[in-house]
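Working notes, structure below.
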Amino acid sequence: MIAVQQADFDAGQLIRELHERSQGQAGAVASFVGYVRDYSASQPTQELFLEHYPGMCEQELADIAQQAMQRWDIVQSTIVHRVGALSRQQQIVFVGIASAHRGDAFAACEYIMDALKTRAPFWKRETLADGKAFWVQARSSDEQRLEKWTQQQDAAAQTRIPEQE
Amino acid sequence: MINILYFARIAELTGKRTEQRALPAPVTVNAWLAQLHEAYPALKDIGVLKVAVNKKHAQADTVIHDRDEVAIFEPVTGG
């Protein structure tokens, strides 16, 4: 299930619904919630505005979820991302993975967040308590986190080659 | 004509969220971005410009055709 919405979400309810959709096949549900935090150490964040590209966001999230399904043993997944004006400490994003086993659930949940951070077309505009506003700049550490998954996949593919021969 | 969408800081720098521009012949993303920089000199302040064609991330050599939807934005910062 994928949703891009202004409205807040109830993470507990999303987890229950995710587990119900997995119809007894999931022994594990791993979830992640991202929140609005203070961007600067010197002063609190007043507002975080999330702009997005309607249509492409949903497509990218569906594509990321599909890639996770192909790579790990996943029964069901849920991705909810909020847009619009959010205030300090509010929820931004939810990712939930239902799987037979915890290893796949943890890994897929982390992968989806890492991929979302560098691929899904959302942009954050911070307004600090003193009124100063700016567009948040992407961090190279996010790209590096995603590359880590590609490297792991390459390494796994290489170790499989002798088995095929 | 192609339909262009500007997002976030790029929309602020161009002063537009959407516009239509003529595309006499298919061009690569790289060549088209060079034209866009001529139209909007303010874009020179942007370190990395990303392009999506028809709602898919494009590469420098992706070809833009007539009637495509082309989106311009900075690297994404969601999550």
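Naming scheme: A, B, ... for chains in displayed order of the structure tokens; residues 1 onward per chain; ligands 1 onward as shown.
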Inset, instruction - Determine which residues of chain B sit within 8 Å of chain A, taking into account only C-alpha atoms, and present them as a PyMOL selection string. - result: chain B and resi 7-9+55-56+75-79
Inset, instruction - List the neighbours of segment 19-32 of chain A out to 8 Å using only C-alpha atoms; skip same-chain residues closer than 6 positions along the sequence, and give me the result as a list in words. - result: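 Close residues of segment 19-32 of chain A: Val75, Gln76, Val93, Phe94, Val95, Gly96, Ile97, Ala98, Ser99, Ala100, His101, Arg102, Ala105, Phe106 and Cys109 of chain A.
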Inset, instruction - Assign secondary structure with DSSP using the backbone only, and return the residues of chain B in alpha helix (DSSP H) as an MDAnalysis selection string. - result: chainID B and resid 8:14 29:39
Keeping only N, CA and C atoms, write the selected residues as a compact mmCIF listing (two decimals), in the first residue's frame.
```txt
# COMPACT_ATOMS: atom_id res chain seq x y z
N ALA B 8 10.36 23.21 -6.29
CA ALA B 8 11.11 23.68 -5.12
C ALA B 8 11.96 24.92 -5.46
N ARG B 9 13.27 24.85 -5.19
CA ARG B 9 14.12 26.04 -5.39
C ARG B 9 14.19 26.44 -6.86
N ILE B 10 14.06 25.46 -7.76
CA ILE B 10 14.12 25.78 -9.19
C ILE B 10 12.89 26.61 -9.59
N ALA B 11 11.74 26.31 -9.01
CA ALA B 11 10.54 27.11 -9.28
C ALA B 11 10.74 28.54 -8.79
N GLU B 12 11.41 28.70 -7.66
CA GLU B 12 11.67 30.06 -7.15
C GLU B 12 12.62 30.82 -8.06
N LEU B 13 13.66 30.15 -8.56
CA LEU B 13 14.66 30.82 -9.40
C LEU B 13 14.11 31.18 -10.78
N THR B 14 13.24 30.33 -11.32
CA THR B 14 12.68 30.62 -12.64
C THR B 14 11.44 31.51 -12.53
N VAL B 29 19.09 15.33 -22.73
CA VAL B 29 18.88 16.11 -21.52
C VAL B 29 20.00 17.13 -21.34
N ASN B 30 21.25 16.70 -21.57
CA ASN B 30 22.40 17.59 -21.41
C ASN B 30 22.31 18.82 -22.31
N ALA B 31 21.98 18.60 -23.59
CA ALA B 31 21.88 19.69 -24.54
C ALA B 31 20.72 20.61 -24.18
N TRP B 32 19.64 20.01 -23.75
CA TRP B 32 18.46 20.80 -23.41
C TRP B 32 18.72 21.66 -22.17
N LEU B 33 19.47 21.09 -21.18
CA LEU B 33 19.78 21.85 -19.97
C LEU B 33 20.63 23.08 -20.30
N ALA B 34 21.51 22.94 -21.30
CA ALA B 34 22.34 24.08 -21.72
C ALA B 34 21.45 25.21 -22.23
N GLN B 35 20.40 24.84 -23.00
CA GLN B 35 19.44 25.84 -23.50
C GLN B 35 18.69 26.50 -22.34
N LEU B 36 18.33 25.66 -21.35
CA LEU B 36 17.57 26.18 -20.22
C LEU B 36 18.41 27.19 -19.40
N HIS B 37 19.71 26.89 -19.28
CA HIS B 37 20.60 27.81 -18.57
C HIS B 37 20.67 29.16 -19.27
N GLU B 38 20.58 29.15 -20.61
CA GLU B 38 20.59 30.42 -21.34
C GLU B 38 19.32 31.21 -21.06
N ALA B 39 18.20 30.49 -20.96
CA ALA B 39 16.92 31.15 -20.70
C ALA B 39 16.82 31.64 -19.25
```
Inset, instruction - Select from segment 6-71 of chain B everything DSSP, run on the backbone, classes as strand (DSSP E), then give the selection as an NGL selection string. - result: :B and (6 or 18-21 or 27-28 or 50-53 or 56-57 or 63-64 or 69-71)
